[in-house]
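Below is one structure, written out as structure tokens; the observations come after it.
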Amino acid sequence: MTKISPNSKVLPGWAVWLISLTALVVLFVPVSGAETQGNAPAGNPQNGKTVFMNTGCYRCHGTVGQGGPGGRLAPNTIPFGIFASFVRNGKRSNPNANVNWSGMPPYSEKFISNSELADIHAYLASIPPSAPVGSIPLLND
Amino acid sequence: MSKPSKPPVNRRNFLKGAAAGAAAIVAEPALAATPEGALPAPLPSSAVQVGDDGTRYASDYMVDLFKSLGLEYVLAMPAGNFAGLIESVAHYAGNSNPEWITCMHEESSVAMANGYAKIEGKPVLVCAHATVGLQHATMGIYDAWCDRVPIYMVLGNTQDATQRGGYVTWVHSAQDPCGLVRDITKWDDNPISTAHFAESAVRAYKIATTPPMGPVALVLDEHRHLERVPANMRIPTLSVPTAPQGDASAVAEAARLLVAARNPVITVGRTARTPAGVPLLVELAETLQAGVVDRWHRRMNFPSRHPLNGGDLNDADVILALEAGDIAGMARQAKQRDATVINVSDTELYLKSNYQDFFEYAEVDLSISGDAEATLPTLIESVKRLITPNRRVAFEARGRTVAAANRQALDRERIAATHGWDASPISTARLSMELWEQIKNEDWSYVSGWVTWPLRLWDFDKHYQFIGRAGGEGIGYHLPATIGAALANKKYGRLTVSINGDGDFMVANGALWTAAHHQIPILIIMQNNRAYHQDYMDMDRIAHVRDRGSSSTMGIGTEITNPDIDYAQLAQSLGVAAEGPISDPRDLAAAIRRGIEVVKGGQPYLIDAITQPR
């Protein structure tokens, strides 16, 4: 996953993330147009949460997909096709590295089946919108 | 002790005269020896205890020597080969200036000295056994070396083979003890007499505190420090050097480039070496109406809520890097779009070959060797001289643009903090803001760099409010370094707070006992993610690149579970009041309030918070 530096002032984090994802889709992954438009297969969000935790996705992305060393995944998660291609192919954070030892690793079907992938996406899609900044006093000093 | 025959130089007047008489403005020295800026007086506060034969103990003399250097504390695990020094501090100096602080690991001694120096701007004395103690201390020394922090070490050794008494003394002796750390110290010496020790002690202090600062080490011979020396043996006078400044003509060229630029951006790192560095940087930024980008947060350089805090390096046509560390990638990108990079750094003034803390070679357009903070006054004056009314108008428009972008950036950070706000385990954003809510009206000092949310959302405007993190990025720095920083903050009555990772904490948690025993007030909040989390992510990444591994094996070697460590009980066993584990974010505020009450009473307090991984 593209690392979003906490101090990055170059582009908004979501923009860096989206540009990287889009580039990946174009370059590597034969996915249908319908999927990239967001027509996700039906998934089980409860099982998706279990897989998200057991597979260690939360280690980089947080237990509710809020982001961390890995980018934010929820709320407003990305379309399934982009999500799936990203999980399957990973993303090098250092394009000059000989091996992808940094950034998002690829997860094959050995570890996340296609149905589990749909479940994870369903879990992320089920995460409700965050409270607005204005409703959190601690963020309004 | 004899006194200097010449009247002392009035440093302030000397500096004032130099500034008035030359184009360059001389900056204040790195070392703030006293509030008045005077040199430390080479006078003992205790009555010299002279024998009938006109002699005194060498270790008593050494205590007066250290006192003359303004060393407030000795941080050390005890060792037999400097036992005379412990005895002299206790019974000759009355355990005051320096006061002996008992540490439970030499790495902790050095890390505490590191945190202290970054708050106070000067070193304390670290004593260690020259073999086994120094071997423990090396990681702490490396952190200080990479972080340009002055560490002042005295290492006990038994040099004379005829005086070694058995197995332990032999295996605890070395021919060249400092050889172990010569790659990561600025200077060392192995004096052969007490007079030699005195001269080297003052020289070592001067070298350690001259930018680029760094650790120094002196060997103290066990038998020599137990001897008697002439009571009137003189203590050499310390003359504090000025910091190296950039060449005047190069600085003038930098000013020309900055004033002519469409969008200059300043990038910083260890720029504000002293509190004086912050207003200087503010003055330069405001004069140019240029944004300031701090990518690595190694010091509190620039007020976080200042309208010019932040800038777009990718849109800069001139970048001014001030002790900014690793700038090679940034310089490469700048070159691709024909932007100009000016680098002011003292890096090339003192380097060694082995450890690679000099980073990738940066191709810059104007490289100015000198200390950034010391160079700023000259640069500011040069910039001011070149500004025309038309340029001023352009600057003001630019400043408004930068300020607007930075307001938007802060808004984005606040939105980012909302995600996972009510999650359990507690999000690090929530943890940070719960802490901020309780300290924001206090005179606070955030002395850890483990969690970055404070740097993104809190209002930093004082130099002592942040001291960066481990220069060498080694694990084990944070707990003792933050306690050392708290030791320095204690006399100012500041509320010292830190957020400490669990993996780091377990390396040297004996430092908690030191905080309890010496009543060092600090609020420590554990960011307990029950893992060496960076390593977990690394291992996970490699496993999936190799297309193997499973959820049941992914924690091998990286998780800190089974059993889960009870940090509150651990702290309590070391004499520190504590509570936790807390995993519900709604319970944090009350716990932090309880902790602050204890800390304000002069004691340390620990809260174990179960958090999101990052």
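Note on naming: chains are A, B, ... as they come in the structure tokens, residues start from 1 per chain, ligands start from 1 in the order shown.
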
Point to revise | Interface residues on chain B facing chain A, 6 Å, only C-alpha atoms, written as a ChimeraX atom specification | key: /B:312,415,418-420,541,544-545,551,613-614

Check your understanding: Any idea what's packed within 12 Å of range 256-258 of chain B, counting only C-alpha atoms, ignoring anything in its chain fewer than 6 positions away? Could you give it as an NGL selection string?
Key -> :B and (249-250 or 264-266 or 284-285 or 287-290 or 316-321 or 339-342 or 365-366 or 379-388 or 391 or 395)

Could you write out that same residue set with N, CA and C atoms as a tab-separated table (two decimals), in the first residue's frame?
chain	number	residue	atom	x	y	z
B	249	SER	N	30.09	35.16	1.88
B	249	SER	CA	29.72	35.38	0.48
B	249	SER	C	28.71	34.32	0.01
B	250	ALA	N	28.86	33.12	0.51
B	250	ALA	CA	27.89	32.07	0.14
B	250	ALA	C	26.52	32.38	0.74
B	264	PRO	N	10.02	30.18	-2.59
B	264	PRO	CA	11.04	29.49	-1.79
B	264	PRO	C	10.38	28.71	-0.65
B	265	VAL	N	10.92	27.56	-0.36
B	265	VAL	CA	10.43	26.76	0.77
B	265	VAL	C	11.63	26.38	1.62
B	266	ILE	N	11.45	26.49	2.92
B	266	ILE	CA	12.51	26.15	3.88
B	266	ILE	C	12.21	24.77	4.44
B	284	LEU	N	13.13	34.39	9.73
B	284	LEU	CA	13.48	34.16	8.32
B	284	LEU	C	12.23	33.84	7.50
B	285	ALA	N	11.40	32.94	8.02
B	285	ALA	CA	10.19	32.55	7.28
B	285	ALA	C	9.27	33.74	7.08
B	287	THR	N	10.08	36.92	7.14
B	287	THR	CA	10.71	37.92	6.26
B	287	THR	C	10.49	37.55	4.80
B	288	LEU	N	10.61	36.25	4.52
B	288	LEU	CA	10.43	35.79	3.13
B	288	LEU	C	8.99	35.42	2.82
B	289	GLN	N	8.17	35.30	3.88
B	289	GLN	CA	6.82	34.74	3.71
B	289	GLN	C	6.90	33.39	2.98
B	290	ALA	N	7.82	32.58	3.49
B	290	ALA	CA	8.07	31.25	2.90
B	290	ALA	C	7.59	30.16	3.84
B	316	ALA	N	8.32	24.32	-5.16
B	316	ALA	CA	9.34	25.30	-4.80
B	316	ALA	C	10.32	25.48	-5.95
B	317	ASP	N	10.67	26.72	-6.22
B	317	ASP	CA	11.75	26.95	-7.20
B	317	ASP	C	13.09	27.12	-6.50
B	318	VAL	N	13.06	27.46	-5.20
B	318	VAL	CA	14.28	27.47	-4.40
B	318	VAL	C	13.96	26.78	-3.07
B	319	ILE	N	14.77	25.81	-2.72
B	319	ILE	CA	14.60	25.11	-1.43
B	319	ILE	C	15.82	25.42	-0.57
B	320	LEU	N	15.55	25.88	0.64
B	320	LEU	CA	16.62	26.11	1.60
B	320	LEU	C	16.55	25.01	2.65
B	321	ALA	N	17.54	24.15	2.66
B	321	ALA	CA	17.59	23.06	3.64
B	321	ALA	C	18.52	23.46	4.78
B	339	ALA	N	14.69	23.26	-10.16
B	339	ALA	CA	14.66	24.09	-8.95
B	339	ALA	C	16.05	24.11	-8.31
B	340	THR	N	16.29	25.14	-7.51
B	340	THR	CA	17.60	25.33	-6.87
B	340	THR	C	17.53	24.87	-5.42
B	341	VAL	N	18.55	24.14	-5.01
B	341	VAL	CA	18.61	23.68	-3.62
B	341	VAL	C	19.84	24.27	-2.94
B	342	ILE	N	19.59	24.92	-1.81
B	342	ILE	CA	20.67	25.46	-0.97
B	342	ILE	C	20.69	24.63	0.31
B	365	ASP	N	22.79	22.77	-5.24
B	365	ASP	CA	23.37	23.84	-6.04
B	365	ASP	C	24.30	24.74	-5.24
B	366	LEU	N	23.99	24.92	-3.97
B	366	LEU	CA	24.83	25.75	-3.12
B	366	LEU	C	24.94	25.06	-1.77
B	379	LEU	N	22.09	35.33	7.52
B	379	LEU	CA	21.20	35.10	6.37
B	379	LEU	C	19.98	36.04	6.45
B	380	ILE	N	19.42	36.17	7.63
B	380	ILE	CA	18.24	37.04	7.79
B	380	ILE	C	18.59	38.48	7.42
B	381	GLU	N	19.72	38.96	7.93
B	381	GLU	CA	20.11	40.34	7.62
B	381	GLU	C	20.37	40.50	6.12
B	382	SER	N	20.99	39.51	5.53
B	382	SER	CA	21.28	39.59	4.08
B	382	SER	C	19.99	39.62	3.29
B	383	VAL	N	19.03	38.82	3.68
B	383	VAL	CA	17.73	38.80	3.00
B	383	VAL	C	17.04	40.15	3.14
B	384	LYS	N	17.05	40.67	4.34
B	384	LYS	CA	16.35	41.95	4.59
B	384	LYS	C	16.93	43.08	3.74
B	385	ARG	N	18.24	43.05	3.58
B	385	ARG	CA	18.88	44.12	2.80
B	385	ARG	C	18.46	44.09	1.33
B	386	LEU	N	18.07	42.92	0.84
B	386	LEU	CA	17.78	42.78	-0.59
B	386	LEU	C	16.30	42.97	-0.94
B	387	ILE	N	15.46	43.03	0.05
B	387	ILE	CA	14.02	43.09	-0.25
B	387	ILE	C	13.61	44.50	-0.69
B	388	THR	N	13.00	44.57	-1.83
B	388	THR	CA	12.48	45.83	-2.35
B	388	THR	C	10.98	45.92	-2.04
B	391	ARG	N	9.05	43.43	-4.08
B	391	ARG	CA	9.19	42.04	-3.64
B	391	ARG	C	8.36	41.81	-2.36
B	395	PHE	N	5.78	38.93	-1.67
B	395	PHE	CA	5.95	38.03	-0.52
B	395	PHE	C	4.64	37.91	0.26

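Relative to CA of Ala331 in chain B, CA of Arg412 in chain B is found at 27.0 Å.
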
Exercise for review: Would you kindly return, as a ChimeraX atom specification, each protein, DNA or RNA residue with an atom no farther than 6 Å from any atom of range 519-536 of chain B, considering only C-alpha atoms and excluding same-chain residues fewer than 6 positions away?
Suggested key: /B:487,496-503,558-560,599,602-611,613

Would you give me, as a short mmCIF file (atom, residue, chain, number, x, y, z; two decimals) with N, CA and C atoms, in the first residue's frame, the residues in range 436-544 of chain B that DSSP reads as strand (DSSP E)?
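File produced: states-v6.cif:
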data_model
loop_
_atom_site.label_atom_id
_atom_site.label_comp_id
_atom_site.auth_asym_id
_atom_site.auth_seq_id
_atom_site.Cartn_x
_atom_site.Cartn_y
_atom_site.Cartn_z
N TRP B 444 3.91 22.44 29.36
CA TRP B 444 4.16 21.02 29.09
C TRP B 444 5.39 20.81 28.22
N SER B 445 5.86 19.58 28.21
CA SER B 445 7.00 19.18 27.38
C SER B 445 6.76 17.74 26.93
N TYR B 446 6.55 17.57 25.62
CA TYR B 446 6.30 16.23 25.05
C TYR B 446 7.64 15.69 24.57
N LEU B 495 5.56 20.20 33.06
CA LEU B 495 4.85 18.92 33.04
C LEU B 495 5.39 18.10 31.87
N THR B 496 6.16 17.07 32.18
CA THR B 496 6.76 16.24 31.14
C THR B 496 5.84 15.06 30.83
N VAL B 497 5.55 14.87 29.56
CA VAL B 497 4.69 13.76 29.16
C VAL B 497 5.35 13.00 28.01
N SER B 498 5.08 11.70 27.96
CA SER B 498 5.61 10.91 26.85
C SER B 498 4.63 9.79 26.50
N ILE B 499 4.71 9.37 25.26
CA ILE B 499 3.97 8.18 24.81
C ILE B 499 5.03 7.18 24.38
N ASN B 500 5.05 6.03 25.04
CA ASN B 500 6.16 5.08 24.88
C ASN B 500 5.68 3.75 24.31
N GLY B 501 6.33 3.28 23.27
CA GLY B 501 5.99 1.98 22.71
C GLY B 501 6.38 0.84 23.64
N LEU B 523 4.78 11.84 33.15
CA LEU B 523 3.61 11.01 32.83
C LEU B 523 3.95 10.19 31.59
N ILE B 524 3.97 8.88 31.76
CA ILE B 524 4.30 7.97 30.66
C ILE B 524 3.03 7.22 30.26
N ILE B 525 2.64 7.33 29.01
CA ILE B 525 1.50 6.56 28.52
C ILE B 525 2.03 5.50 27.57
N MET B 526 1.71 4.25 27.88
CA MET B 526 2.15 3.16 27.01
C MET B 526 1.30 3.13 25.75
N GLN B 527 1.95 3.12 24.61
CA GLN B 527 1.25 2.80 23.36
C GLN B 527 1.46 1.29 23.19
N ASN B 528 0.58 0.55 23.82
CA ASN B 528 0.78 -0.89 23.95
C ASN B 528 0.05 -1.61 22.81
#

Check your understanding: In Å, with one decimal, what is the gap from CA of Trp436 in chain B to CA of Asp422 in chain B?
Key ->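 Here the two named atoms are 16.8 Å from each other.
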
Exercise for review: Could you give me, as an MDAnalysis selection string, the residues within 8 Å of Asn44 in chain A, counting only C-alpha atoms and dropping anything in the same chain fewer than 2 positions from it?
Suggested key: chainID A and resid 42 46:48 118:120 122:123

Using the selection just defined, write its residues with C-alpha atoms as a PDB file, in the first residue's frame.
ATOM      1  CA  ALA A  42     -21.931  -9.824  -2.364  1.00  0.00           C
ATOM      2  CA  GLN A  46     -18.865 -10.392   9.683  1.00  0.00           C
ATOM      3  CA  ASN A  47     -16.596 -12.953   8.079  1.00  0.00           C
ATOM      4  CA  GLY A  48     -14.791 -10.109   6.347  1.00  0.00           C
ATOM      5  CA  ALA A 118     -15.398  -9.927  -1.183  1.00  0.00           C
ATOM      6  CA  ASP A 119     -16.098 -10.407   2.516  1.00  0.00           C
ATOM      7  CA  ILE A 120     -13.302  -8.028   3.501  1.00  0.00           C
ATOM      8  CA  ALA A 122     -18.082  -5.888   2.499  1.00  0.00           C
ATOM      9  CA  TYR A 123     -16.685  -5.345   6.003  1.00  0.00           C
TER      10      TYR A 123
END

Review point. Can you list, as a ChimeraX atom specification, every residue of range 321-391 of chain B that DSSP puts in alpha helix (DSSP H)?
Key: /B:328-336,372-386,389-391

Selected residues written out, N, CA and C atoms, as a PDB file, in the first residue's frame:
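Result file follows (selection_2.pdb):
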ATOM      1  N   ALA B 328      18.654  13.908  -0.105  1.00  0.00           N
ATOM      2  CA  ALA B 328      19.059  13.494  -1.454  1.00  0.00           C
ATOM      3  C   ALA B 328      17.856  13.332  -2.385  1.00  0.00           C
ATOM      4  N   GLY B 329      16.829  12.648  -1.920  1.00  0.00           N
ATOM      5  CA  GLY B 329      15.655  12.435  -2.766  1.00  0.00           C
ATOM      6  C   GLY B 329      14.979  13.742  -3.124  1.00  0.00           C
ATOM      7  N   MET B 330      14.856  14.601  -2.148  1.00  0.00           N
ATOM      8  CA  MET B 330      14.245  15.902  -2.384  1.00  0.00           C
ATOM      9  C   MET B 330      15.074  16.709  -3.399  1.00  0.00           C
ATOM     10  N   ALA B 331      16.403  16.654  -3.257  1.00  0.00           N
ATOM     11  CA  ALA B 331      17.270  17.384  -4.177  1.00  0.00           C
ATOM     12  C   ALA B 331      17.172  16.812  -5.596  1.00  0.00           C
ATOM     13  N   ARG B 332      17.026  15.497  -5.683  1.00  0.00           N
ATOM     14  CA  ARG B 332      16.909  14.861  -6.996  1.00  0.00           C
ATOM     15  C   ARG B 332      15.633  15.316  -7.698  1.00  0.00           C
ATOM     16  N   GLN B 333      14.553  15.339  -6.959  1.00  0.00           N
ATOM     17  CA  GLN B 333      13.289  15.805  -7.547  1.00  0.00           C
ATOM     18  C   GLN B 333      13.370  17.278  -7.939  1.00  0.00           C
ATOM     19  N   ALA B 334      14.035  18.054  -7.119  1.00  0.00           N
ATOM     20  CA  ALA B 334      14.177  19.486  -7.415  1.00  0.00           C
ATOM     21  C   ALA B 334      14.970  19.678  -8.704  1.00  0.00           C
ATOM     22  N   LYS B 335      16.002  18.871  -8.856  1.00  0.00           N
ATOM     23  CA  LYS B 335      16.849  18.982 -10.052  1.00  0.00           C
ATOM     24  C   LYS B 335      16.040  18.676 -11.316  1.00  0.00           C
ATOM     25  N   GLN B 336      15.154  17.709 -11.210  1.00  0.00           N
ATOM     26  CA  GLN B 336      14.348  17.317 -12.380  1.00  0.00           C
ATOM     27  C   GLN B 336      13.450  18.449 -12.869  1.00  0.00           C
ATOM     28  N   ALA B 372      23.518  25.664  11.070  1.00  0.00           N
ATOM     29  CA  ALA B 372      22.387  26.418  10.513  1.00  0.00           C
ATOM     30  C   ALA B 372      21.935  27.524  11.460  1.00  0.00           C
ATOM     31  N   GLU B 373      21.797  27.165  12.735  1.00  0.00           N
ATOM     32  CA  GLU B 373      21.296  28.178  13.680  1.00  0.00           C
ATOM     33  C   GLU B 373      22.269  29.355  13.774  1.00  0.00           C
ATOM     34  N   ALA B 374      23.559  29.061  13.789  1.00  0.00           N
ATOM     35  CA  ALA B 374      24.550  30.132  13.883  1.00  0.00           C
ATOM     36  C   ALA B 374      24.600  30.964  12.609  1.00  0.00           C
ATOM     37  N   THR B 375      24.195  30.383  11.504  1.00  0.00           N
ATOM     38  CA  THR B 375      24.241  31.084  10.216  1.00  0.00           C
ATOM     39  C   THR B 375      22.983  31.926   9.984  1.00  0.00           C
ATOM     40  N   LEU B 376      21.905  31.606  10.678  1.00  0.00           N
ATOM     41  CA  LEU B 376      20.627  32.280  10.421  1.00  0.00           C
ATOM     42  C   LEU B 376      20.681  33.800  10.593  1.00  0.00           C
ATOM     43  N   PRO B 377      21.304  34.349  11.642  1.00  0.00           N
ATOM     44  CA  PRO B 377      21.290  35.812  11.772  1.00  0.00           C
ATOM     45  C   PRO B 377      21.879  36.521  10.549  1.00  0.00           C
ATOM     46  N   THR B 378      22.988  36.009  10.054  1.00  0.00           N
ATOM     47  CA  THR B 378      23.597  36.609   8.869  1.00  0.00           C
ATOM     48  C   THR B 378      22.687  36.480   7.661  1.00  0.00           C
ATOM     49  N   LEU B 379      22.088  35.332   7.515  1.00  0.00           N
ATOM     50  CA  LEU B 379      21.199  35.104   6.373  1.00  0.00           C
ATOM     51  C   LEU B 379      19.983  36.038   6.447  1.00  0.00           C
ATOM     52  N   ILE B 380      19.419  36.173   7.627  1.00  0.00           N
ATOM     53  CA  ILE B 380      18.238  37.036   7.788  1.00  0.00           C
ATOM     54  C   ILE B 380      18.587  38.484   7.421  1.00  0.00           C
ATOM     55  N   GLU B 381      19.720  38.955   7.927  1.00  0.00           N
ATOM     56  CA  GLU B 381      20.114  40.336   7.616  1.00  0.00           C
ATOM     57  C   GLU B 381      20.373  40.500   6.123  1.00  0.00           C
ATOM     58  N   SER B 382      20.994  39.511   5.526  1.00  0.00           N
ATOM     59  CA  SER B 382      21.283  39.593   4.083  1.00  0.00           C
ATOM     60  C   SER B 382      19.987  39.618   3.286  1.00  0.00           C
ATOM     61  N   VAL B 383      19.035  38.823   3.685  1.00  0.00           N
ATOM     62  CA  VAL B 383      17.735  38.798   2.996  1.00  0.00           C
ATOM     63  C   VAL B 383      17.044  40.153   3.135  1.00  0.00           C
ATOM     64  N   LYS B 384      17.046  40.671   4.343  1.00  0.00           N
ATOM     65  CA  LYS B 384      16.348  41.947   4.587  1.00  0.00           C
ATOM     66  C   LYS B 384      16.927  43.076   3.735  1.00  0.00           C
ATOM     67  N   ARG B 385      18.243  43.046   3.576  1.00  0.00           N
ATOM     68  CA  ARG B 385      18.884  44.120   2.796  1.00  0.00           C
ATOM     69  C   ARG B 385      18.456  44.091   1.334  1.00  0.00           C
ATOM     70  N   LEU B 386      18.067  42.924   0.844  1.00  0.00           N
ATOM     71  CA  LEU B 386      17.781  42.781  -0.589  1.00  0.00           C
ATOM     72  C   LEU B 386      16.303  42.971  -0.940  1.00  0.00           C
ATOM     73  N   PRO B 389      10.398  47.093  -2.125  1.00  0.00           N
ATOM     74  CA  PRO B 389       8.952  47.204  -1.876  1.00  0.00           C
ATOM     75  C   PRO B 389       8.136  46.279  -2.777  1.00  0.00           C
ATOM     76  N   ASN B 390       8.540  46.161  -4.040  1.00  0.00           N
ATOM     77  CA  ASN B 390       7.790  45.285  -4.952  1.00  0.00           C
ATOM     78  C   ASN B 390       7.859  43.825  -4.510  1.00  0.00           C
ATOM     79  N   ARG B 391       9.046  43.430  -4.076  1.00  0.00           N
ATOM     80  CA  ARG B 391       9.188  42.044  -3.636  1.00  0.00           C
ATOM     81  C   ARG B 391       8.357  41.810  -2.362  1.00  0.00           C
TER      82      ARG B 391
END

Review point. With only C-alpha atoms as the atoms that count, which of B:Asn314, B:Ala416, B:Gly449, B:Asp338 lies nearest to Leu73 in chain A?
Key: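 So, comparing all the options, the nearest one is B:Ala416.
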
Review point. Range 507-515 of chain B: which residues within 9 Å, counting only C-alpha atoms, same-chain residues fewer than 5 positions away excluded, as a list in words?
Key: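 After dropping sequence-adjacent residues, the list is Ile101, Thr102, Cys103, Met104, His105, Glu107, Ser108, Ser109, Met112, Ile475, Gly476, Tyr477, Leu479, Pro480, Ile483, Gly484, Ala486, Leu487, Ile520, Pro521, Ile522, Leu570, Ala571, Ser573, Leu574, Gly575, Val576, Gln603 and Pro604 of chain B.
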
Practice item. Quick one: everything within 10 Å of range 227-234 of chain B, counting only C-alpha atoms, minus sequence neighbours fewer than 4 positions away in the same chain. Send it as a PyMOL selection string. Key: chain B and resi 1-4+42+48-51+53-61+65+84+193-195+198-199+222-223
